[in-house]
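Colleague: See data_27.csv below, with CSV, C-alpha atoms.
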chain,number,residue,atom,x,y,z
R,162,MET,CA,93.8,-45.9,-217.8
R,163,SER,CA,95.5,-45.3,-214.5
R,164,SER,CA,98.7,-46.9,-215.8
R,165,SER,CA,98.7,-44.7,-218.8
R,166,VAL,CA,98.4,-41.6,-216.7
R,167,PHE,CA,101.2,-42.7,-214.4
R,168,LEU,CA,103.5,-43.3,-217.4
R,169,LEU,CA,102.7,-39.9,-218.8
R,170,LEU,CA,103.5,-38.2,-215.5
R,171,MET,CA,106.8,-40.0,-215.3
R,172,ALA,CA,107.6,-38.8,-218.7
R,173,ILE,CA,107.1,-35.1,-218.0
R,174,ILE,CA,108.8,-35.0,-214.5
R,175,PRO,CA,112.3,-33.7,-215.0
R,176,ILE,CA,115.0,-36.1,-213.7
R,177,ALA,CA,117.6,-34.6,-211.5
R,178,HIS,CA,121.0,-34.8,-213.3
R,179,SER,CA,123.0,-34.2,-210.2
R,180,GLY,CA,122.9,-33.8,-206.4
R,181,VAL,CA,125.1,-34.5,-203.4
R,182,LEU,CA,124.4,-36.3,-200.1
R,183,LEU,CA,126.7,-36.3,-197.1
R,184,THR,CA,127.5,-39.7,-195.7
R,185,TYR,CA,129.9,-38.5,-193.0
R,186,PRO,CA,128.9,-36.5,-191.0
R,187,GLN,CA,125.4,-37.8,-191.2
R,188,ALA,CA,123.2,-35.6,-193.4
R,189,ARG,CA,120.0,-34.0,-192.1
R,190,PHE,CA,116.7,-35.7,-192.6
R,191,PRO,CA,114.8,-35.6,-194.9
R,192,PRO,CA,117.4,-35.8,-197.7
R,193,LEU,CA,116.2,-33.1,-200.1
R,194,ASP,CA,119.8,-32.9,-201.3
R,195,TYR,CA,119.0,-33.5,-204.9
R,196,LEU,CA,117.0,-30.3,-205.2
R,197,PRO,CA,119.0,-27.3,-206.4
R,198,ASP,CA,119.4,-24.3,-204.2
R,199,ASP,CA,116.9,-22.2,-206.1
R,200,LEU,CA,114.2,-24.6,-205.0
R,201,THR,CA,115.1,-24.7,-201.3
R,202,MET,CA,115.6,-22.3,-198.5
R,203,PRO,CA,119.2,-21.3,-197.6
R,204,PRO,CA,121.6,-22.0,-196.0
R,205,CYS,CA,120.9,-25.7,-195.8
R,206,GLY,CA,117.9,-26.5,-197.9
R,207,VAL,CA,116.5,-28.7,-195.2
R,208,PRO,CA,114.9,-27.3,-192.1
R,209,LYS,CA,116.5,-28.0,-188.7
R,210,PRO,CA,114.8,-31.0,-187.1
R,211,THR,CA,113.3,-30.7,-183.6
R,212,LYS,CA,115.8,-33.3,-182.3
R,213,PRO,CA,118.9,-32.9,-184.4
R,214,PHE,CA,121.7,-35.4,-184.4
R,215,TYR,CA,125.0,-33.6,-183.8
R,216,THR,CA,128.3,-35.0,-184.9
R,217,THR,CA,131.2,-33.8,-182.8
R,218,PHE,CA,134.4,-32.5,-184.3
R,219,HIS,CA,137.5,-31.5,-182.3
R,220,ILE,CA,139.5,-28.4,-183.3
R,221,GLY,CA,142.8,-29.4,-185.0
R,222,SER,CA,141.9,-33.0,-185.6
R,223,GLU,CA,141.6,-34.5,-189.1
R,224,TYR,CA,138.3,-35.9,-190.3
R,225,ASN,CA,137.4,-37.6,-193.5
R,226,VAL,CA,134.2,-35.9,-194.9
R,227,SER,CA,132.5,-38.1,-197.5
R,228,TRP,CA,129.5,-37.9,-199.8
R,229,ILE,CA,127.8,-39.6,-202.7
R,230,THR,CA,126.5,-38.2,-206.0
R,231,PRO,CA,124.2,-39.9,-208.5
R,232,ALA,CA,126.5,-39.6,-211.5
R,233,SER,CA,129.8,-38.2,-212.8
R,234,THR,CA,129.2,-34.5,-213.6
R,235,ASN,CA,131.1,-31.5,-214.6
R,236,SER,CA,131.1,-29.9,-211.2
R,237,THR,CA,133.3,-29.0,-208.2
R,238,TYR,CA,132.7,-29.2,-204.5
R,239,ARG,CA,133.3,-26.8,-201.6
R,240,ILE,CA,132.9,-27.3,-197.8
R,241,ARG,CA,132.2,-24.6,-195.2
R,242,LEU,CA,131.2,-24.4,-191.6
R,243,VAL,CA,128.0,-22.3,-191.0
R,244,ASP,CA,126.6,-21.1,-187.7
R,245,SER,CA,122.9,-21.3,-186.6
R,246,ASP,CA,122.3,-17.8,-188.1
R,247,GLY,CA,123.4,-19.0,-191.5
R,248,LEU,CA,126.7,-17.1,-191.4
R,249,THR,CA,129.9,-18.7,-192.6
R,250,VAL,CA,132.3,-19.4,-189.7
R,251,GLU,CA,135.0,-21.1,-191.7
R,252,GLN,CA,135.5,-21.8,-195.4
R,253,LEU,CA,137.6,-24.9,-195.9
R,254,PRO,CA,140.6,-24.2,-198.2
R,255,GLY,CA,140.7,-25.6,-201.7
R,256,VAL,CA,138.1,-26.7,-204.3
R,257,ILE,CA,137.4,-30.4,-204.6
R,258,THR,CA,137.2,-31.8,-208.2
R,259,GLU,CA,134.3,-33.9,-209.5
R,260,THR,CA,136.3,-37.2,-209.3
R,261,GLU,CA,136.5,-37.1,-205.5
R,262,THR,CA,133.9,-38.2,-203.0
R,263,PHE,CA,135.8,-37.4,-199.8
R,264,GLN,CA,137.9,-34.7,-198.3
R,265,ILE,CA,140.1,-34.7,-195.2
R,266,ILE,CA,139.4,-31.5,-193.3
R,267,LYS,CA,140.7,-29.8,-190.1
R,268,LEU,CA,138.5,-27.2,-188.4
R,269,ARG,CA,140.0,-24.3,-186.5
R,270,SER,CA,136.9,-22.4,-185.1
R,271,PRO,CA,134.7,-23.5,-182.2
R,272,CYS,CA,131.0,-23.6,-183.2
R,273,GLU,CA,128.1,-25.0,-181.2
R,274,GLN,CA,124.9,-26.2,-182.9
R,275,CYS,CA,126.3,-25.4,-186.3
R,276,MET,CA,126.2,-27.0,-189.8
R,277,LEU,CA,128.8,-28.5,-192.0
R,278,LEU,CA,127.7,-27.7,-195.5
R,279,ILE,CA,129.0,-29.2,-198.8
R,280,GLU,CA,128.0,-27.5,-202.0
R,281,GLN,CA,128.2,-29.0,-205.5
R,282,VAL,CA,128.6,-26.3,-208.1
R,283,MET,CA,127.7,-27.2,-211.7
R,284,GLN,CA,129.2,-25.6,-214.8
R,285,ASN,CA,125.9,-24.0,-215.6
R,286,GLY,CA,125.9,-22.3,-212.2
R,287,LYS,CA,123.4,-24.5,-210.4
R,288,VAL,CA,124.3,-25.4,-206.9
R,289,PHE,CA,123.2,-28.5,-205.0
R,290,ARG,CA,123.9,-28.9,-201.3
R,291,SER,CA,123.9,-31.2,-198.3
R,292,CYS,CA,124.4,-30.3,-194.7
R,293,ALA,CA,124.9,-32.0,-191.3
R,294,ASP,CA,124.4,-30.7,-187.8
R,295,VAL,CA,127.8,-30.5,-185.9
R,296,ASN,CA,129.4,-29.3,-182.8
R,297,VAL,CA,133.0,-28.1,-183.1
R,298,VAL,CA,134.8,-28.1,-179.8
R,299,ARG,CA,138.2,-27.6,-178.3
R,300,THR,CA,140.3,-30.7,-177.8
R,301,SER,CA,141.7,-29.5,-174.5
R,302,VAL,CA,139.9,-27.7,-171.7
R,303,GLN,CA,140.7,-24.0,-171.5
R,304,ALA,CA,142.0,-22.4,-168.3
R,305,ASN,CA,138.7,-20.6,-167.6
R,306,GLU,CA,136.7,-23.8,-168.1
R,307,GLN,CA,138.7,-26.0,-165.7
R,308,CYS,CA,137.4,-27.2,-162.3
R,309,SER,CA,133.8,-27.2,-163.8
R,310,GLN,CA,133.9,-23.4,-163.7
R,311,ARG,CA,133.5,-23.7,-159.9
R,312,GLY,CA,137.0,-23.0,-158.8
R,313,SER,CA,140.6,-22.3,-159.9
R,314,LEU,CA,143.5,-24.6,-160.8
R,315,MET,CA,146.5,-24.2,-158.5
R,316,ASN,CA,149.5,-26.6,-158.6
R,317,ALA,CA,147.5,-29.1,-160.7
R,318,THR,CA,144.7,-29.2,-158.0
R,319,CYS,CA,141.3,-27.6,-158.2
R,320,GLN,CA,140.5,-25.2,-155.4
R,321,CYS,CA,136.7,-25.3,-155.1
R,322,GLU,CA,134.5,-22.3,-154.3
R,323,LYS,CA,131.4,-22.7,-152.2
R,324,PHE,CA,132.8,-25.3,-150.1
R,325,ASN,CA,134.6,-25.7,-146.7
R,326,SER,CA,137.6,-27.8,-147.5
R,327,GLN,CA,138.9,-28.0,-144.0
R,328,ASN,CA,139.9,-31.6,-143.0
R,329,ASP,CA,137.4,-33.1,-140.6
R,330,HIS,CA,139.3,-36.4,-139.9
R,331,CYS,CA,136.9,-38.1,-142.4
R,332,PHE,CA,138.2,-37.0,-145.8
R,333,ALA,CA,141.5,-35.6,-147.0
R,334,TYR,CA,140.1,-32.4,-148.6
R,335,ASP,CA,143.3,-30.4,-148.4
R,336,GLU,CA,145.9,-33.0,-149.3
R,337,PRO,CA,146.1,-35.9,-151.8
R,338,VAL,CA,147.2,-38.3,-149.0
R,339,ALA,CA,146.6,-38.2,-145.3
R,340,ALA,CA,148.7,-40.6,-143.2
R,341,ASP,CA,145.9,-40.9,-140.6
R,342,LEU,CA,143.2,-41.9,-143.0
R,343,PRO,CA,143.3,-45.7,-143.6
R,344,MET,CA,141.4,-46.0,-146.9
R,345,TYR,CA,143.9,-45.0,-149.6
R,346,GLY,CA,145.0,-42.2,-147.4
R,347,MET,CA,141.8,-40.6,-148.6
R,348,PHE,CA,139.0,-41.2,-146.1
R,349,ASN,CA,138.0,-42.8,-142.8
R,350,PRO,CA,135.4,-45.5,-143.4
R,351,ARG,CA,134.0,-45.1,-139.9
R,352,CYS,CA,132.5,-41.8,-140.9
R,353,TYR,CA,130.4,-43.4,-143.6
R,354,GLN,CA,127.6,-45.9,-144.2
R,355,ARG,CA,129.0,-48.7,-146.4
R,356,HIS,CA,126.8,-50.2,-149.1
R,357,ASP,CA,128.1,-53.3,-150.9
R,358,LEU,CA,127.0,-53.5,-154.5
R,359,SER,CA,129.0,-56.6,-155.5
R,360,ALA,CA,132.0,-58.6,-154.2
R,361,ASN,CA,134.4,-55.9,-155.5
R,362,ASP,CA,132.3,-52.7,-155.7
R,363,ARG,CA,130.9,-50.6,-152.9
R,364,ILE,CA,129.6,-47.1,-152.0
R,365,TYR,CA,130.3,-45.1,-148.9
R,366,SER,CA,127.9,-42.3,-148.0
R,367,ARG,CA,127.2,-39.8,-145.2
R,368,ARG,CA,125.1,-36.7,-144.6
R,369,VAL,CA,127.0,-33.5,-143.7
R,370,ASP,CA,124.6,-30.7,-142.7
R,371,ASN,CA,122.5,-30.1,-145.9
R,372,GLU,CA,124.8,-32.0,-148.2
R,373,VAL,CA,125.4,-35.7,-149.0
R,374,GLU,CA,128.9,-37.0,-149.7
R,375,VAL,CA,129.2,-40.2,-151.7
R,376,ILE,CA,132.3,-42.2,-152.4
R,377,LEU,CA,132.4,-44.8,-155.2
R,378,ASP,CA,135.0,-47.5,-154.6
R,379,PHE,CA,134.9,-49.7,-157.7
R,380,GLU,CA,137.3,-52.3,-159.1
R,381,THR,CA,137.9,-50.7,-162.5
R,382,LYS,CA,140.5,-48.8,-164.4
R,383,ASN,CA,137.9,-47.2,-166.6
R,384,TRP,CA,134.6,-45.4,-166.2
R,385,LEU,CA,132.0,-45.7,-163.5
R,386,SER,CA,128.6,-44.2,-163.0
R,387,LEU,CA,125.9,-43.8,-160.4
R,388,GLY,CA,122.3,-42.9,-161.1
R,389,TRP,CA,119.4,-42.3,-158.7
R,390,ARG,CA,115.7,-41.3,-158.4
R,391,PRO,CA,113.1,-41.5,-155.7
R,392,THR,CA,111.5,-44.9,-155.3
R,393,GLU,CA,108.0,-43.4,-155.5
R,394,LEU,CA,108.1,-41.4,-158.7
R,395,SER,CA,105.2,-40.8,-161.1
R,396,THR,CA,105.5,-42.1,-164.6
R,397,SER,CA,104.7,-38.5,-165.7
R,398,CYS,CA,108.4,-37.7,-165.2
R,399,ARG,CA,108.9,-39.1,-168.7
R,400,LEU,CA,107.1,-36.0,-170.0
R,401,PHE,CA,110.1,-33.8,-169.2
R,402,PRO,CA,111.2,-32.4,-171.4
R,403,ILE,CA,108.2,-32.5,-173.8
R,404,LEU,CA,109.5,-33.9,-177.0
R,405,GLU,CA,106.4,-35.1,-178.6
R,406,ASP,CA,102.6,-34.5,-178.8
R,407,THR,CA,101.5,-35.5,-175.3
R,408,ARG,CA,98.0,-35.9,-176.5
R,409,GLY,CA,99.0,-38.8,-178.7
R,410,ARG,CA,98.0,-42.4,-177.9
R,411,ILE,CA,101.6,-43.6,-177.8
R,412,THR,CA,102.4,-41.3,-175.0
R,413,GLU,CA,99.3,-42.3,-173.1
R,414,LEU,CA,100.2,-45.9,-173.3
R,415,GLY,CA,103.8,-45.1,-172.3
R,416,LEU,CA,102.6,-43.4,-169.1
R,417,LYS,CA,100.7,-46.5,-168.1
R,418,SER,CA,103.8,-48.7,-168.2
R,419,SER,CA,106.1,-48.9,-165.2
R,420,LEU,CA,109.3,-47.0,-165.0
R,421,HIS,CA,112.4,-48.7,-166.4
R,422,PRO,CA,115.5,-48.3,-164.2
R,423,MET,CA,116.9,-45.8,-166.7
R,424,ASP,CA,113.8,-43.7,-166.8
R,425,CYS,CA,114.0,-40.2,-165.2
R,426,VAL,CA,117.4,-40.8,-163.5
R,427,ASP,CA,119.9,-38.3,-162.2
R,428,ILE,CA,123.4,-39.6,-163.2
R,429,ILE,CA,127.0,-38.9,-162.2
R,430,MET,CA,129.5,-40.3,-164.6
R,431,ALA,CA,133.3,-40.2,-163.9
R,432,SER,CA,136.6,-41.6,-164.9
R,433,VAL,CA,140.2,-41.1,-163.7
R,434,ARG,CA,142.7,-40.7,-166.6
R,435,ASN,CA,146.3,-39.8,-166.3
R,436,GLY,CA,145.9,-38.8,-162.7
R,437,ARG,CA,143.0,-36.5,-163.3
R,438,LEU,CA,139.3,-36.9,-162.5
R,439,PHE,CA,136.7,-36.2,-165.2
R,440,ILE,CA,133.2,-36.0,-163.8
R,441,SER,CA,129.9,-34.6,-165.0
R,442,ASP,CA,126.2,-34.5,-164.2
R,443,PHE,CA,123.7,-36.1,-166.6
R,444,TYR,CA,120.0,-36.8,-166.9
R,445,SER,CA,118.3,-39.8,-168.5
R,446,ARG,CA,114.8,-39.0,-169.6
R,447,ASP,CA,114.1,-42.6,-170.7
R,448,ARG,CA,116.0,-45.4,-172.4
R,449,SER,CA,117.5,-42.9,-174.9
R,450,THR,CA,121.0,-41.6,-174.5
R,451,PRO,CA,121.5,-39.7,-171.3
R,452,LEU,CA,122.5,-36.1,-171.8
R,453,GLU,CA,124.5,-33.6,-169.8
R,454,ASP,CA,122.2,-31.4,-167.7
R,455,TYR,CA,122.8,-28.3,-169.7
R,456,TRP,CA,120.9,-29.8,-172.6
R,457,TYR,CA,117.8,-29.5,-170.4
R,458,ASP,CA,118.7,-26.0,-169.2
R,459,GLY,CA,120.3,-27.4,-166.1
R,460,GLU,CA,123.8,-27.2,-164.7
R,461,MET,CA,126.4,-29.1,-162.8
R,462,SER,CA,125.1,-29.5,-159.3
R,463,LEU,CA,128.2,-30.8,-157.5
R,464,SER,CA,129.8,-28.8,-154.8
R,465,ALA,CA,133.0,-30.9,-154.6
R,466,ALA,CA,134.6,-33.9,-156.3
R,467,TYR,CA,137.9,-35.9,-156.0
R,468,GLY,CA,139.2,-39.0,-157.6
R,469,THR,CA,142.2,-41.4,-157.6
R,470,GLN,CA,143.2,-44.7,-159.0
R,471,GLN,CA,145.1,-47.4,-157.0
R,472,ASP,CA,145.8,-51.1,-157.6
R,473,GLY,CA,143.2,-51.4,-160.3
R,474,ARG,CA,140.5,-49.5,-158.4
R,475,SER,CA,138.9,-46.2,-159.1
R,476,VAL,CA,137.8,-44.2,-156.1
R,477,VAL,CA,135.7,-41.2,-156.7
R,478,MET,CA,134.1,-38.8,-154.2
R,479,PHE,CA,131.4,-36.3,-155.1
R,480,ARG,CA,129.4,-34.0,-152.8
R,481,ARG,CA,126.0,-32.4,-153.5
R,482,GLU,CA,123.2,-30.8,-151.7
R,483,LEU,CA,120.5,-33.1,-150.4
R,484,ARG,CA,117.6,-31.3,-152.2
R,485,GLU,CA,117.1,-30.9,-155.9
R,486,PHE,CA,117.3,-27.5,-157.6
R,487,GLU,CA,116.0,-28.2,-161.1
R,488,PRO,CA,114.0,-30.8,-163.0
R,489,THR,CA,117.2,-32.7,-164.0
R,490,ASP,CA,118.1,-33.2,-160.3
R,491,HIS,CA,116.7,-35.7,-157.8
R,492,PRO,CA,117.2,-35.5,-154.0
R,493,LEU,CA,119.7,-37.9,-152.5
R,494,GLY,CA,117.5,-38.6,-149.5
R,495,PRO,CA,116.5,-38.5,-146.8
R,496,ASN,CA,114.3,-41.5,-147.8
R,497,GLU,CA,115.3,-44.6,-149.6
R,498,ILE,CA,116.1,-44.1,-153.3
R,499,LEU,CA,116.6,-46.3,-156.3
R,500,ILE,CA,120.2,-46.6,-157.3
R,501,VAL,CA,121.5,-47.6,-160.7
R,502,TRP,CA,125.2,-48.3,-161.0
R,503,SER,CA,127.6,-49.5,-163.7
R,504,LYS,CA,131.3,-49.6,-164.5
R,505,GLY,CA,133.4,-50.1,-167.6
R,506,ASP,CA,135.3,-53.3,-168.2
R,507,SER,CA,137.1,-52.0,-171.2
R,508,GLU,CA,138.9,-48.9,-172.4
R,509,MET,CA,136.8,-46.1,-173.6
R,510,GLY,CA,136.1,-46.3,-177.4
R,511,SER,CA,137.0,-50.0,-177.8
R,512,ASN,CA,134.0,-51.8,-176.2
R,513,PHE,CA,131.0,-50.4,-174.4
R,514,GLN,CA,129.4,-53.8,-173.7
R,515,GLY,CA,130.0,-53.7,-169.9
R,516,THR,CA,128.6,-56.5,-167.8
R,517,ASN,CA,129.1,-54.9,-164.4
R,518,ARG,CA,125.9,-53.1,-163.4
R,519,GLY,CA,123.0,-53.3,-161.0
R,520,VAL,CA,120.0,-51.8,-159.4
R,521,GLU,CA,119.6,-51.3,-155.6
R,522,LYS,CA,117.4,-49.4,-153.1
R,523,LEU,CA,119.6,-47.6,-150.6
R,524,ARG,CA,119.6,-44.8,-148.1
R,525,LEU,CA,122.6,-42.5,-148.8
R,526,ALA,CA,121.7,-39.6,-146.6
R,527,GLU,CA,122.1,-41.4,-143.2
R,528,VAL,CA,123.8,-39.4,-140.4
R,529,THR,CA,126.8,-41.3,-139.2
R,530,PRO,CA,128.4,-41.2,-135.7
R,531,SER,CA,131.2,-38.8,-135.2
R,532,THR,CA,134.7,-40.2,-135.5
R,533,THR,CA,135.5,-38.7,-132.1
R,534,ALA,CA,133.9,-41.8,-130.5
R,535,HIS,CA,136.4,-44.0,-132.4
R,536,PRO,CA,139.9,-42.8,-131.9
R,537,MET,CA,142.0,-43.2,-135.1
R,538,HIS,CA,144.4,-45.7,-133.5
R,539,HIS,CA,141.5,-48.1,-132.9
R,540,ILE,CA,140.6,-48.2,-136.6
R,541,PRO,CA,141.8,-51.4,-138.3
R,542,THR,CA,144.2,-50.4,-141.1
R,543,PRO,CA,143.8,-52.3,-144.4
R,544,GLU,CA,146.7,-53.9,-146.2
R,545,PRO,CA,149.2,-51.4,-147.5
R,546,THR,CA,148.5,-49.9,-150.9
R,547,SER,CA,150.7,-48.1,-153.4
R,548,THR,CA,151.0,-44.4,-153.2
R,549,PRO,CA,148.0,-42.8,-154.9
R,550,GLU,CA,148.4,-40.7,-158.0
R,551,SER,CA,148.3,-37.0,-157.8
R,552,THR,CA,144.8,-36.1,-158.8
R,553,SER,CA,142.6,-33.1,-159.5
R,554,THR,CA,139.2,-32.5,-160.9
R,555,GLU,CA,138.5,-31.1,-164.3
R,556,SER,CA,135.3,-30.7,-166.4
R,557,ASP,CA,135.6,-32.6,-169.7
R,558,ASN,CA,134.0,-30.1,-172.1
R,559,SER,CA,135.0,-32.1,-175.2
R,560,SER,CA,131.6,-32.9,-176.9
R,561,SER,CA,133.0,-36.0,-178.5
R,562,SER,CA,134.3,-37.5,-175.2
R,563,LEU,CA,131.1,-36.4,-173.4
R,564,PHE,CA,128.9,-38.0,-175.9
R,565,SER,CA,130.9,-41.3,-175.8
R,566,LEU,CA,130.2,-41.4,-172.0
R,567,PHE,CA,126.5,-41.0,-172.6
R,568,LEU,CA,126.5,-44.0,-175.0
R,569,VAL,CA,128.3,-46.1,-172.4
R,570,ILE,CA,125.5,-45.7,-169.9
R,571,LEU,CA,122.8,-46.4,-172.5
R,572,VAL,CA,124.3,-49.6,-173.8
R,573,VAL,CA,125.5,-50.9,-170.5
R,574,ILE,CA,122.3,-50.5,-168.6
R,575,TYR,CA,119.7,-50.9,-171.3
R,576,GLN,CA,119.4,-54.7,-170.7
R,577,LEU,CA,118.7,-54.4,-167.0
Would you mind writing the file's structure down as structure tokens?
Modeller:
Amino acid sequence: MSSSVFLLLMAIIPIAHSGVLLTYPQARFPPLDYLPDDLTMPPCGVPKPTKPFYTTFHIGSEYNVSWITPASTNSTYRIRLVDSDGLTVEQLPGVITETETFQIIKLRSPCEQCMLLIEQVMQNGKVFRSCADVNVVRTSVQANEQCSQRGSLMNATCQCEKFNSQNDHCFAYDEPVAADLPMYGMFNPRCYQRHDLSANDRIYSRRVDNEVEVILDFETKNWLSLGWRPTELSTSCRLFPILEDTRGRITELGLKSSLHPMDCVDIIMASVRNGRLFISDFYSRDRSTPLEDYWYDGEMSLSAAYGTQQDGRSVVMFRRELREFEPTDHPLGPNEILIVWSKGDSEMGSNFQGTNRGVEKLRLAEVTPSTTAHPMHHIPTPEPTSTPESTSTESDNSSSSLFSLFLVILVVIYQL
């Protein structure tokens, strides 16, 4: 009896004769794409998920948008960029014929948290659609976005605000190379506490008034990162931000487990490319992909940064206040903190399986003796190095590049 009823129902349900589903960029879930537009809500037909997956497009770059359809139909396709209010930002030129399942596009308009929408138009007027969440960003950083919006670019060098850049015989704030500073012409190691992470990687740190200055001196030509959190931190930190029902049993069990090294970590990620420093401030909620602070309503917390590359080594300085200002920040002291470090052993975009990483417990906010007690001519000078590259700092606002850096940290440190 039940079998007969089932067959009867199958016979009376109309079968969709058409539909379209984006394969790149990734379509929204659930895939209601085989329902015509008169049965779904505009503009997408699928509600925006609570945690959307965004594909990043760079303005002016070519991308191959592809889709699938159940059968050959008498229909055409059109693609447009739609903002979060449902308004068309850009209509892609041309109408795609039914025989094609891809289209090379080039977007011209910036659009954050938008949708790329493909519509299949049947001869009878019915329209099927599929959409993907996208961010369309500029390929190059605009003038008003350089220097992390914390300074101005002058002679290819960022002049930082909120920061006393006067040389203090410890770091060459005002010049790329200082003859009296033995480490790369960049800093005096006697001003800092040295922390060896491996045979070829080390950190220098010192406290200056209410700020902490950290120098990463790593053997790499690629990316490097440093994350930290207080050693005594409650597992409840994993509830920020609240992304699920905290009354659920899964969350309760999760709070009882110990913190993973990548849980609730404040992270600085940097790389020196073509003589320029790219650095940004991230937060790792758990073992998911770390995100830049602004995703959590935070902001870049650095007061200064500088980077150079010499003889296969990347040397990056950043400075930040000792205390935290927002939930995505952790204090850098004065007590011992958990340190998570990693570096790339391959070019960005080719292989993210880095093997150079580690976890330490360090004190980075130690006050060091004044260099006046150690005259400069008594400081042993290391072996001569090549002339450092001219460097400056610049915020890398390209969502595609930024998102690649996040994936690096996740993959590299996940196996700790």
Colleague: To one decimal place, how far is CA of Asn517 (chain R) from CA of Arg355 (chain R) in Å?
Modeller: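 That distance, rounded to one decimal, is 19.0 Å.
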Colleague: Go ahead and compute the interatomic distance for CA of Arg434 (chain R) and CA of Asp472 (chain R), in Å to one decimal.
Modeller: 14.1 Å
Colleague: Mind pulling up the distance from CA of Arg524 (chain R) to CA of Gly494 (chain R)?
Modeller: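 Between these atoms lies a distance of 6.7 Å.
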Colleague: May I ask which of the residues R:Asn349, R:Thr396, R:Ser236, R:Ser419 is the closest one to Lys287 (chain R), counting all atoms listed in the file?
Modeller: R:Ser236
Colleague: Nearest to Val181 (chain R) among R:Ala340, R:Ile266, R:Leu314, R:Val282, with distances taken over only C-alpha atoms: which residue is it?
Modeller: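 Comparing R:Ala340, R:Ile266, R:Leu314, R:Val282 against Val181 (chain R), the winner is R:Val282.
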Colleague: Which residue out of R:Val373, R:Ser386, R:Gly468, R:Tyr334 has the minimum interatomic distance to Tyr353 (chain R) when all atoms listed in the file are used?
Modeller: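 Checking each candidate against Tyr353 (chain R), we get R:Val373 as the closest.
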Colleague: Residues within 10 Å of Pro488 (chain R), please, as a list in words. Count only C-alpha atoms; anything in the same chain fewer than 6 positions from it doesn't count.
Modeller: Cys398, Phe401, Pro402, Cys425, Asp427, Tyr444, Asp454, Tyr457, Asp458 and Gly459 of chain R
Colleague: Name the closest residue to Trp456 (chain R) among the candidates R:Asn361, R:Lys212, R:Gln187, R:Ile440; distances are taken between atoms, counting all atoms listed in the file.
Modeller: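 Once distances to Trp456 (chain R) are computed over all atoms listed in the file, the minimum belongs to R:Lys212.
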Colleague: From the list R:Ile240, R:Cys205, R:Ala431, R:Leu493, which residue is nearest Asn371 (chain R) when using only C-alpha atoms?
Modeller: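 Residue with the minimum atom-to-atom distance to Asn371 (chain R): R:Leu493.
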Colleague: Pick from R:Phe190, R:Trp389, R:Phe348, R:Phe214: nearest to Glu485 (chain R), with all atoms listed in the file counted?
Modeller: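 Among the listed residues, R:Trp389 lies closest to Glu485 (chain R).
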Colleague: Where atoms are absent from region 496-507 of chain R, fill them in so it carries N, CA and C atoms, then output it as a CSV table (one decimal), in the coordinates of the input.
Modeller:
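Dumped everything to out_21.csv:
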chain,number,residue,atom,x,y,z
R,496,ASN,N,115.0,-40.2,-147.7
R,496,ASN,CA,114.3,-41.5,-147.8
R,496,ASN,C,115.1,-42.4,-148.7
R,497,GLU,N,114.7,-43.6,-148.7
R,497,GLU,CA,115.3,-44.6,-149.6
R,497,GLU,C,115.1,-44.2,-151.1
R,498,ILE,N,116.2,-44.4,-151.9
R,498,ILE,CA,116.1,-44.1,-153.3
R,498,ILE,C,116.6,-45.2,-154.1
R,499,LEU,N,116.1,-45.2,-155.4
R,499,LEU,CA,116.6,-46.3,-156.3
R,499,LEU,C,117.9,-45.9,-156.9
R,500,ILE,N,118.9,-46.8,-156.8
R,500,ILE,CA,120.2,-46.6,-157.3
R,500,ILE,C,120.5,-47.5,-158.5
R,501,VAL,N,121.0,-46.9,-159.6
R,501,VAL,CA,121.5,-47.6,-160.7
R,501,VAL,C,123.0,-47.4,-160.9
R,502,TRP,N,123.8,-48.5,-160.9
R,502,TRP,CA,125.2,-48.3,-161.0
R,502,TRP,C,125.8,-49.1,-162.1
R,503,SER,N,126.9,-48.7,-162.6
R,503,SER,CA,127.6,-49.5,-163.7
R,503,SER,C,129.0,-49.1,-163.7
R,504,LYS,N,129.8,-49.9,-164.3
R,504,LYS,CA,131.3,-49.6,-164.5
R,504,LYS,C,131.8,-50.2,-165.8
R,505,GLY,N,132.8,-49.6,-166.3
R,505,GLY,CA,133.4,-50.1,-167.6
R,505,GLY,C,134.4,-51.3,-167.3
R,506,ASP,N,134.3,-52.2,-168.2
R,506,ASP,CA,135.3,-53.3,-168.2
R,506,ASP,C,136.2,-53.3,-169.4
R,507,SER,N,136.3,-52.2,-170.1
R,507,SER,CA,137.1,-52.0,-171.2
R,507,SER,C,137.5,-50.6,-171.4
